file upload.cif (mmCIF, C-alpha atoms)
data_entry
#
loop_
_atom_site.label_atom_id
_atom_site.label_comp_id
_atom_site.auth_asym_id
_atom_site.auth_seq_id
_atom_site.Cartn_x
_atom_site.Cartn_y
_atom_site.Cartn_z
CA MET A 1 97.58 19.46 108.75
CA THR A 2 99.66 18.55 105.68
CA ASP A 3 102.70 16.34 106.34
CA PHE A 4 105.94 17.64 104.88
CA THR A 5 108.96 15.48 104.16
CA PRO A 6 112.40 17.10 104.26
CA ASP A 7 112.59 16.84 100.47
CA THR A 8 109.27 18.57 99.79
CA SER A 9 109.93 21.24 102.42
CA SER A 10 113.33 21.97 100.88
CA LEU A 11 111.83 22.19 97.39
CA ARG A 12 109.19 24.66 98.53
CA ALA A 13 111.80 26.76 100.31
CA GLU A 14 113.99 26.80 97.19
CA THR A 15 111.00 27.94 95.11
CA LEU A 16 110.33 30.82 97.49
CA VAL A 17 113.99 31.87 97.46
CA GLU A 18 114.02 31.69 93.66
CA ALA A 19 111.05 34.08 93.59
CA LEU A 20 112.64 36.77 95.76
CA PRO A 21 114.71 38.62 93.12
CA TYR A 22 111.72 38.70 90.78
CA ILE A 23 109.47 40.06 93.51
CA ARG A 24 112.01 42.82 94.14
CA ARG A 25 112.43 43.52 90.43
CA PHE A 26 108.73 43.85 89.64
CA ALA A 27 107.51 45.50 92.85
CA GLY A 28 105.75 48.72 91.92
CA LYS A 29 105.72 47.81 88.23
CA THR A 30 102.56 47.71 86.14
CA ILE A 31 101.88 44.39 84.43
CA VAL A 32 99.09 44.27 81.82
CA VAL A 33 97.57 40.80 81.45
CA LYS A 34 95.22 39.98 78.60
CA TYR A 35 93.02 37.03 79.52
CA GLY A 36 91.65 35.53 76.33
CA GLY A 37 88.13 34.32 75.87
CA ASN A 38 89.56 31.02 74.60
CA ALA A 39 91.29 30.46 77.94
CA LEU A 40 88.13 31.43 79.81
CA ALA A 41 86.03 29.05 77.74
CA GLY A 42 87.95 26.10 79.17
CA THR A 43 87.43 26.89 82.84
CA SER A 44 84.69 24.33 83.46
CA ASP A 45 87.14 21.43 83.14
CA HIS A 46 90.01 22.55 85.34
CA ASP A 47 88.91 25.78 87.05
CA ALA A 48 91.46 27.89 85.18
CA LEU A 49 89.58 31.05 86.12
CA ALA A 50 90.07 30.43 89.85
CA LEU A 51 93.78 29.72 89.30
CA PHE A 52 94.12 32.87 87.20
CA ALA A 53 92.46 34.92 89.94
CA GLU A 54 94.88 33.53 92.52
CA ASP A 55 97.83 34.53 90.33
CA ILE A 56 96.53 38.06 89.85
CA VAL A 57 95.91 38.53 93.58
CA MET A 58 99.37 37.13 94.40
CA MET A 59 100.90 39.67 92.01
CA ARG A 60 99.01 42.43 93.77
CA LEU A 61 99.96 41.25 97.27
CA VAL A 62 103.70 41.23 96.49
CA GLY A 63 103.59 44.82 95.27
CA MET A 64 102.93 44.57 91.53
CA ARG A 65 100.24 46.62 89.82
CA PRO A 66 98.28 44.18 87.62
CA VAL A 67 95.79 45.36 85.00
CA VAL A 68 93.50 42.75 83.44
CA VAL A 69 92.19 43.24 79.89
CA HIS A 70 89.84 40.55 78.62
CA GLY A 71 88.20 39.39 75.46
CA GLY A 72 85.28 37.05 75.07
CA GLY A 73 85.25 35.82 71.50
CA PRO A 74 83.92 32.30 72.16
CA GLN A 75 81.27 33.64 74.50
CA ILE A 76 80.12 36.19 71.90
CA SER A 77 80.03 33.48 69.22
CA GLU A 78 78.00 31.22 71.49
CA MET A 79 75.47 33.97 72.19
CA MET A 80 75.20 34.81 68.49
CA THR A 81 74.52 31.15 67.68
CA ARG A 82 71.81 31.03 70.33
CA LEU A 83 70.25 34.13 68.76
CA GLY A 84 70.45 32.68 65.25
CA LYS A 85 73.17 34.97 63.93
CA THR A 86 76.10 33.84 61.77
CA THR A 87 79.64 34.84 62.72
CA GLU A 88 82.02 36.02 59.98
CA PHE A 89 85.71 36.78 60.49
CA VAL A 90 88.13 38.77 58.33
CA ASP A 91 91.84 38.52 59.26
CA GLY A 92 90.88 37.32 62.73
CA LEU A 93 88.42 40.18 63.35
CA ARG A 94 84.69 39.66 63.78
CA VAL A 95 82.46 41.46 61.26
CA THR A 96 80.18 43.48 63.54
CA ASP A 97 76.86 44.99 62.52
CA ALA A 98 74.71 47.13 64.84
CA GLU A 99 73.02 44.09 66.42
CA THR A 100 76.32 42.27 66.89
CA VAL A 101 77.98 45.17 68.67
CA GLY A 102 75.06 45.16 71.08
CA ILE A 103 75.56 41.44 71.68
CA ALA A 104 79.30 41.93 72.19
CA ARG A 105 78.67 44.71 74.67
CA MET A 106 76.15 42.59 76.58
CA VAL A 107 78.44 39.55 76.76
CA LEU A 108 81.68 41.36 77.59
CA LYS A 109 80.30 43.80 80.16
CA GLY A 110 77.40 41.74 81.45
CA GLN A 111 78.87 38.23 81.52
CA VAL A 112 82.64 37.91 81.14
CA ASN A 113 83.67 41.01 83.09
CA PRO A 114 81.62 40.14 86.20
CA GLN A 115 82.97 36.58 86.09
CA LEU A 116 86.54 37.81 86.26
CA VAL A 117 85.82 40.45 88.90
CA ALA A 118 83.98 37.97 91.11
CA ALA A 119 86.75 35.37 90.82
CA ILE A 120 89.40 37.89 91.89
CA ASN A 121 87.28 39.33 94.70
CA VAL A 122 86.92 35.91 96.31
CA HIS A 123 90.34 36.76 97.76
CA GLY A 124 89.55 40.33 98.83
CA ASN A 125 87.95 43.49 97.51
CA TYR A 126 90.56 44.20 94.88
CA ALA A 127 89.01 44.08 91.39
CA VAL A 128 86.99 46.86 89.76
CA GLY A 129 85.19 46.06 86.51
CA MET A 130 84.91 48.60 83.73
CA SER A 131 84.79 48.93 79.97
CA GLY A 132 86.56 51.26 77.60
CA VAL A 133 83.49 53.47 77.56
CA ASP A 134 83.94 54.34 81.25
CA ALA A 135 85.62 57.71 81.78
CA GLY A 136 86.51 57.78 78.08
CA LEU A 137 89.18 55.14 78.66
CA ILE A 138 89.20 53.87 75.06
CA ARG A 139 88.38 56.18 72.17
CA ALA A 140 87.84 54.42 68.89
CA THR A 141 86.93 54.88 65.28
CA ALA A 142 85.63 52.45 62.68
CA ARG A 143 88.36 50.35 61.06
CA ASN A 144 86.60 50.00 57.70
CA GLU A 145 83.11 49.68 56.29
CA ARG A 146 83.41 45.96 55.60
CA LEU A 147 83.94 45.18 59.30
CA GLY A 148 81.09 47.41 60.50
CA PHE A 149 81.39 48.46 64.13
CA VAL A 150 84.86 47.05 64.64
CA GLY A 151 87.01 49.79 66.10
CA ASP A 152 90.58 50.92 65.96
CA VAL A 153 91.98 52.55 69.10
CA THR A 154 92.53 56.25 68.52
CA GLU A 155 93.33 57.27 72.10
CA ILE A 156 93.75 55.77 75.56
CA ASN A 157 92.96 57.91 78.61
CA PRO A 158 95.02 56.14 81.31
CA ALA A 159 93.97 58.44 84.16
CA VAL A 160 91.18 56.22 85.48
CA VAL A 161 93.39 53.10 85.33
CA GLU A 162 96.28 54.83 87.06
CA ARG A 163 93.99 56.20 89.76
CA LEU A 164 92.65 52.73 90.50
CA LEU A 165 96.19 51.34 90.60
CA ASP A 166 97.32 54.10 92.96
CA ASP A 167 94.44 53.16 95.26
CA GLU A 168 95.63 49.53 95.12
CA PHE A 169 92.71 48.22 93.06
CA ILE A 170 92.97 45.83 90.12
CA PRO A 171 91.27 47.24 86.98
CA VAL A 172 89.46 44.60 84.91
CA ILE A 173 88.71 46.05 81.48
CA ALA A 174 86.20 44.91 78.85
CA THR A 175 87.25 46.03 75.39
CA ILE A 176 84.28 48.04 74.19
CA GLY A 177 85.25 51.58 73.20
CA SER A 178 83.36 54.56 71.83
CA ASP A 179 83.84 57.53 69.55
CA ASP A 180 83.10 61.18 70.34
CA THR A 181 79.41 60.68 69.56
CA GLY A 182 79.05 57.77 71.99
CA GLN A 183 78.84 55.10 69.28
CA ALA A 184 80.15 51.82 70.70
CA PHE A 185 82.75 49.72 68.91
CA ASN A 186 83.91 46.17 69.48
CA ILE A 187 87.71 46.33 69.57
CA ASN A 188 90.12 43.43 69.35
CA ALA A 189 91.21 42.73 72.93
CA ASP A 190 94.81 41.97 71.93
CA THR A 191 95.09 45.41 70.35
CA VAL A 192 93.54 47.11 73.37
CA ALA A 193 95.86 45.32 75.80
CA GLY A 194 98.88 46.55 73.88
CA ALA A 195 97.57 50.11 73.70
CA ILE A 196 96.84 50.20 77.44
CA ALA A 197 100.27 48.75 78.24
CA GLU A 198 101.86 51.56 76.25
CA ALA A 199 99.66 54.24 77.83
CA VAL A 200 100.37 53.22 81.43
CA GLY A 201 104.07 52.53 80.86
CA ALA A 202 103.80 48.84 81.69
CA GLU A 203 106.87 46.77 82.45
CA LYS A 204 105.32 43.69 80.86
CA LEU A 205 102.46 42.82 78.55
CA ILE A 206 101.27 39.23 78.92
CA TYR A 207 98.80 37.40 76.69
CA LEU A 208 97.10 34.31 78.08
CA THR A 209 95.52 32.19 75.39
CA ASP A 210 94.88 28.54 74.49
CA ILE A 211 98.24 27.80 72.82
CA GLU A 212 101.67 27.36 74.39
CA GLY A 213 103.23 30.21 72.38
CA LEU A 214 104.38 30.91 68.84
CA ARG A 215 105.74 28.10 66.66
CA SER A 216 108.08 28.36 63.69
CA ASP A 217 106.18 25.35 62.31
CA VAL A 218 102.51 25.51 63.21
CA GLY A 219 102.11 21.74 63.14
CA ASP A 220 105.18 20.95 65.26
CA ALA A 221 104.93 21.49 69.03
CA ALA A 222 108.71 21.11 69.29
CA SER A 223 109.19 24.28 67.21
CA LEU A 224 108.04 26.60 70.01
CA ILE A 225 109.79 29.98 69.75
CA ARG A 226 111.05 30.79 73.23
CA GLN A 227 112.32 34.29 72.47
CA THR A 228 112.05 36.53 69.43
CA THR A 229 112.23 40.16 68.36
CA ALA A 230 109.70 42.52 66.85
CA ASP A 231 111.63 42.50 63.56
CA HIS A 232 111.71 38.71 63.38
CA LEU A 233 107.94 38.66 63.86
CA ASP A 234 107.63 40.88 60.76
CA GLU A 235 109.32 38.09 58.81
CA LEU A 236 107.04 35.40 60.26
CA ILE A 237 103.94 37.39 59.31
CA ALA A 238 105.28 38.06 55.81
CA ASP A 239 106.00 34.38 55.09
CA GLY A 240 102.63 33.23 56.47
CA THR A 241 103.94 31.44 59.57
CA ILE A 242 101.79 33.77 61.66
CA ALA A 243 98.30 34.21 60.25
CA GLY A 244 94.62 34.61 61.10
CA GLY A 245 93.71 35.37 64.68
CA MET A 246 97.34 35.44 65.81
CA ILE A 247 98.09 38.53 63.71
CA PRO A 248 96.43 41.11 66.03
CA LYS A 249 98.12 39.53 69.06
CA VAL A 250 101.56 39.53 67.47
CA ALA A 251 101.13 43.01 66.02
CA SER A 252 100.23 44.40 69.43
CA CYS A 253 103.29 42.70 70.96
CA GLN A 254 105.47 44.35 68.33
CA GLN A 255 103.93 47.78 68.81
CA ALA A 256 104.21 47.54 72.59
CA VAL A 257 107.89 46.61 72.76
CA ARG A 258 108.71 49.19 70.11
CA SER A 259 106.96 51.81 72.24
CA GLY A 260 108.65 51.26 75.58
CA VAL A 261 107.11 48.13 77.10
CA GLN A 262 110.10 46.05 78.18
CA ARG A 263 108.78 42.57 77.41
CA ALA A 264 105.72 40.97 75.83
CA HIS A 265 104.77 37.34 76.44
CA ILE A 266 102.38 34.84 74.87
CA LEU A 267 101.55 32.11 77.39
CA ASP A 268 99.21 29.13 77.61
CA GLY A 269 96.48 30.19 80.02
CA ARG A 270 95.43 26.56 80.46
CA ILE A 271 98.60 25.81 82.47
CA ALA A 272 98.03 26.02 86.21
CA HIS A 273 99.54 29.22 87.66
CA VAL A 274 101.25 30.07 84.41
CA LEU A 275 101.63 33.73 85.44
CA LEU A 276 103.53 32.80 88.58
CA LEU A 277 105.74 30.42 86.62
CA GLU A 278 106.63 33.18 84.18
CA LEU A 279 107.08 35.99 86.68
CA PHE A 280 108.68 34.27 89.66
CA THR A 281 110.88 31.45 88.35
CA ASP A 282 114.08 31.16 86.34
CA ASP A 283 112.44 28.89 83.75
CA GLY A 284 110.78 30.96 81.04
CA ILE A 285 107.55 29.65 79.61
CA GLY A 286 105.80 30.39 76.32
CA THR A 287 107.13 32.99 73.87
CA MET A 288 108.83 36.22 74.93
CA VAL A 289 109.07 39.19 72.54
CA VAL A 290 111.81 41.76 73.07
CA PRO A 291 112.67 44.97 71.23
CA SER A 292 114.83 44.58 68.17
#

call {"tool": "encode", "arguments": {"input": "upload.cif", "output": "structure tokens"}}
result
Amino acid sequence: MTDFTPDTSSLRAETLVEALPYIRRFAGKTIVVKYGGNALAGTSDHDALALFAEDIVMMRLVGMRPVVVHGGGPQISEMMTRLGKTTEFVDGLRVTDAETVGIARMVLKGQVNPQLVAAINVHGNYAVGMSGVDAGLIRATARNERLGFVGDVTEINPAVVERLLDDEFIPVIATIGSDDTGQAFNINADTVAGAIAEAVGAEKLIYLTDIEGLRSDVGDAASLIRQTTADHLDELIADGTIAGGMIPKVASCQQAVRSGVQRAHILDGRIAHVLLLELFTDDGIGTMVVPS
């Protein structure tokens, strides 16, 4: 049995009391969480995946409706290297030929998705793995010829997600979509998370990645932007402060809050229980994006 001192017992009690209004506020609300492949790639050192799973299950047990959307960029790159293929990126998006989309599908649906589902289901039979191909969840079309089979979301069919949520399951979604002919497309997971958040009327859209949030000066950790608006992000993209792989993430935050999602957050998924810190305490963490 763990020994508690009066001080530690009081601190724990205060933390629980602090969480109560947030539990009430978000009970019954849908929260879309995008778990980045970069965060997942670091799990061997500090078991971030297990901590993430605990957070997601805690959200579910206090009455929230979490939806997990995941990428797997580092895992896809690793598999491509093992197979002797070279990875090329344009504006943060992977150039995807026919062989590469097959690799992406194999890694996302066959490796990353089962990892997340298994980690969550350690705590109960909550998670259900799926991809955007299932039940026509994500319809897509090619973005442009140069990128190959990189897709843009054309339509989200939220019915299957909402049905799982109504039955108290946690959907875990791999971001492979398809067009009307069944052709598969690799779709940026940040973009998909935002589109799903809009489609299901999410209260919050949360991105977990391997940085602490957005900075006004990329090289200065002290310049973390705690709160910003969609319009201000337009300025940061235009002046080059936000570039490369952050552009799809930021653009999806902007689109989401402009389309009814109340808040979007960019958090460091390497911090232990970062979701609980953001959702259940008075101290905000990372970057929060609000409507203009």

call {"tool": "closest_residue", "arguments": {"input": "upload.cif", "among": "A:Val261, A:Met80, A:Ala27, A:Ile156", "to": "Pro66 of chain A", "atoms": "all atoms listed in the file"}}
result
A:Ala27

call {"tool": "resolve_selection", "arguments": {"input": "upload.cif", "expression": "the PyMOL selection byres ((chain A and resi 204) around 10)", "output": "ChimeraX atom specification"}}
result
/A:26,29-33,66,194,197-198,201-203,205-207,256-257,260-265,279

call {"tool": "closest_residue", "arguments": {"input": "upload.cif", "among": "A:Val290, A:Ala199, A:Ala53, A:Ala98", "to": "Val150 of chain A", "atoms": "only C-alpha atoms"}}
result
A:Ala98

call {"tool": "closest_residue", "arguments": {"input": "upload.cif", "among": "A:Lys109, A:His273, A:Arg139, A:Arg258", "to": "Met59 of chain A", "atoms": "all atoms listed in the file"}}
result
A:His273

call {"tool": "closest_residue", "arguments": {"input": "upload.cif", "among": "A:Ala184, A:Val67, A:Val161, A:Val172", "to": "Ala142 of chain A", "atoms": "only C-alpha atoms"}}
result
A:Ala184

call {"tool": "closest_residue", "arguments": {"input": "upload.cif", "among": "A:Pro21, A:Gly219, A:Leu83, A:Glu54", "to": "Val274 of chain A", "atoms": "all atoms listed in the file"}}
result
A:Glu54

call {"tool": "resolve_selection", "arguments": {"input": "upload.cif", "expression": "the PyMOL selection byres ((chain A and resi 168) around 12)", "output": "short mmCIF file (atom, residue, chain, number, x, y, z; two decimals) with C-alpha atoms, in the frame of the given file"}}
result
data_model
loop_
_atom_site.label_atom_id
_atom_site.label_comp_id
_atom_site.auth_asym_id
_atom_site.auth_seq_id
_atom_site.Cartn_x
_atom_site.Cartn_y
_atom_site.Cartn_z
CA GLY A 28 105.75 48.72 91.92
CA THR A 30 102.56 47.71 86.14
CA VAL A 57 95.91 38.53 93.58
CA MET A 59 100.90 39.67 92.01
CA ARG A 60 99.01 42.43 93.77
CA LEU A 61 99.96 41.25 97.27
CA VAL A 62 103.70 41.23 96.49
CA GLY A 63 103.59 44.82 95.27
CA MET A 64 102.93 44.57 91.53
CA ARG A 65 100.24 46.62 89.82
CA PRO A 66 98.28 44.18 87.62
CA VAL A 67 95.79 45.36 85.00
CA GLY A 124 89.55 40.33 98.83
CA ASN A 125 87.95 43.49 97.51
CA TYR A 126 90.56 44.20 94.88
CA ALA A 127 89.01 44.08 91.39
CA VAL A 128 86.99 46.86 89.76
CA VAL A 161 93.39 53.10 85.33
CA GLU A 162 96.28 54.83 87.06
CA ARG A 163 93.99 56.20 89.76
CA LEU A 164 92.65 52.73 90.50
CA LEU A 165 96.19 51.34 90.60
CA ASP A 166 97.32 54.10 92.96
CA ASP A 167 94.44 53.16 95.26
CA PHE A 169 92.71 48.22 93.06
CA ILE A 170 92.97 45.83 90.12
CA PRO A 171 91.27 47.24 86.98
#

call {"tool": "residues_around", "arguments": {"input": "upload.cif", "residues": "segment 231-246 of chain A", "least_positions_apart": "6", "cutoff": "9 Å", "atoms": "only C-alpha atoms", "output": "PyMOL selection string"}}
result
chain A and resi 90-93+214-218+254+289+291-292

call {"tool": "write_last_selection", "arguments": {"input": "upload.cif", "atoms": "C-alpha atoms", "output": "PDB file, in the coordinates of the input"}}
result
ATOM      1  CA  VAL A  90      88.130  38.770  58.330  1.00  0.00           C
ATOM      2  CA  ASP A  91      91.840  38.520  59.260  1.00  0.00           C
ATOM      3  CA  GLY A  92      90.880  37.320  62.730  1.00  0.00           C
ATOM      4  CA  LEU A  93      88.420  40.180  63.350  1.00  0.00           C
ATOM      5  CA  LEU A 214     104.380  30.910  68.840  1.00  0.00           C
ATOM      6  CA  ARG A 215     105.740  28.100  66.660  1.00  0.00           C
ATOM      7  CA  SER A 216     108.080  28.360  63.690  1.00  0.00           C
ATOM      8  CA  ASP A 217     106.180  25.350  62.310  1.00  0.00           C
ATOM      9  CA  VAL A 218     102.510  25.510  63.210  1.00  0.00           C
ATOM     10  CA  GLN A 254     105.470  44.350  68.330  1.00  0.00           C
ATOM     11  CA  VAL A 289     109.070  39.190  72.540  1.00  0.00           C
ATOM     12  CA  PRO A 291     112.670  44.970  71.230  1.00  0.00           C
ATOM     13  CA  SER A 292     114.830  44.580  68.170  1.00  0.00           C
TER      14      SER A 292
END

call {"tool": "atom_distance", "arguments": {"input": "upload.cif", "atom1": "atom CA of Gly71 of chain A", "atom2": "atom CA of Asp152 of chain A"}}
result
15.1 Å

call {"tool": "closest_residue", "arguments": {"input": "upload.cif", "among": "A:Glu88, A:Thr15, A:Gly36, A:Met58", "to": "Arg146 of chain A", "atoms": "all atoms listed in the file"}}
result
A:Glu88

call {"tool": "residues_around", "arguments": {"input": "upload.cif", "residues": "Val153 of chain A", "least_positions_apart": "6", "cutoff": "7 Å", "atoms": "all atoms listed in the file", "output": "ChimeraX atom specification"}}
result
/A:138-141

call {"tool": "write_last_selection", "arguments": {"input": "upload.cif", "atoms": "C-alpha atoms", "output": "PDB file, in the frame of the given file"}}
result
ATOM      1  CA  ILE A 138      89.200  53.870  75.060  1.00  0.00           C
ATOM      2  CA  ARG A 139      88.380  56.180  72.170  1.00  0.00           C
ATOM      3  CA  ALA A 140      87.840  54.420  68.890  1.00  0.00           C
ATOM      4  CA  THR A 141      86.930  54.880  65.280  1.00  0.00           C
TER       5      THR A 141
END

call {"tool": "resolve_selection", "arguments": {"input": "upload.cif", "expression": "the PyMOL selection byres ((chain A and resi 102) around 12)", "output": "list in words"}}
result
Ile76, Met79, Met80, Thr96, Asp97, Ala98, Glu99, Thr100, Val101, Ile103, Ala104, Arg105, Met106, Val107, Leu108, Lys109, Gly110, Phe149, Val150, Ile176, Gln183, Ala184, Phe185 and Asn186 of chain A

call {"tool": "atom_distance", "arguments": {"input": "upload.cif", "atom1": "atom CA of Ala119 of chain A", "atom2": "atom CA of Leu49 of chain A"}}
result
7.0 Å

call {"tool": "atom_distance", "arguments": {"input": "upload.cif", "atom1": "atom CA of Ile247 of chain A", "atom2": "atom CA of Asp179 of chain A"}}
result
24.5 Å

call {"tool": "residues_around", "arguments": {"input": "upload.cif", "residues": "Ala272 of chain A", "least_positions_apart": "6", "cutoff": "8 Å", "atoms": "only C-alpha atoms", "output": "list in words"}}
result
Ala48, Leu51 and Phe52 of chain A

call {"tool": "write_last_selection", "arguments": {"input": "upload.cif", "atoms": "C-alpha atoms", "output": "PDB file, in the frame of the given file"}}
result
ATOM      1  CA  ALA A  48      91.460  27.890  85.180  1.00  0.00           C
ATOM      2  CA  LEU A  51      93.780  29.720  89.300  1.00  0.00           C
ATOM      3  CA  PHE A  52      94.120  32.870  87.200  1.00  0.00           C
TER       4      PHE A  52
END

call {"tool": "axis_aligned_box", "arguments": {"input": "upload.cif", "around": "segment 60-74 of chain A", "padding_each_side": "8 Å", "output": "JSON"}}
result
{"center_x": 93.8, "center_y": 39.5, "center_z": 84.4, "size_x": 35.8, "size_y": 30.3, "size_z": 41.8}
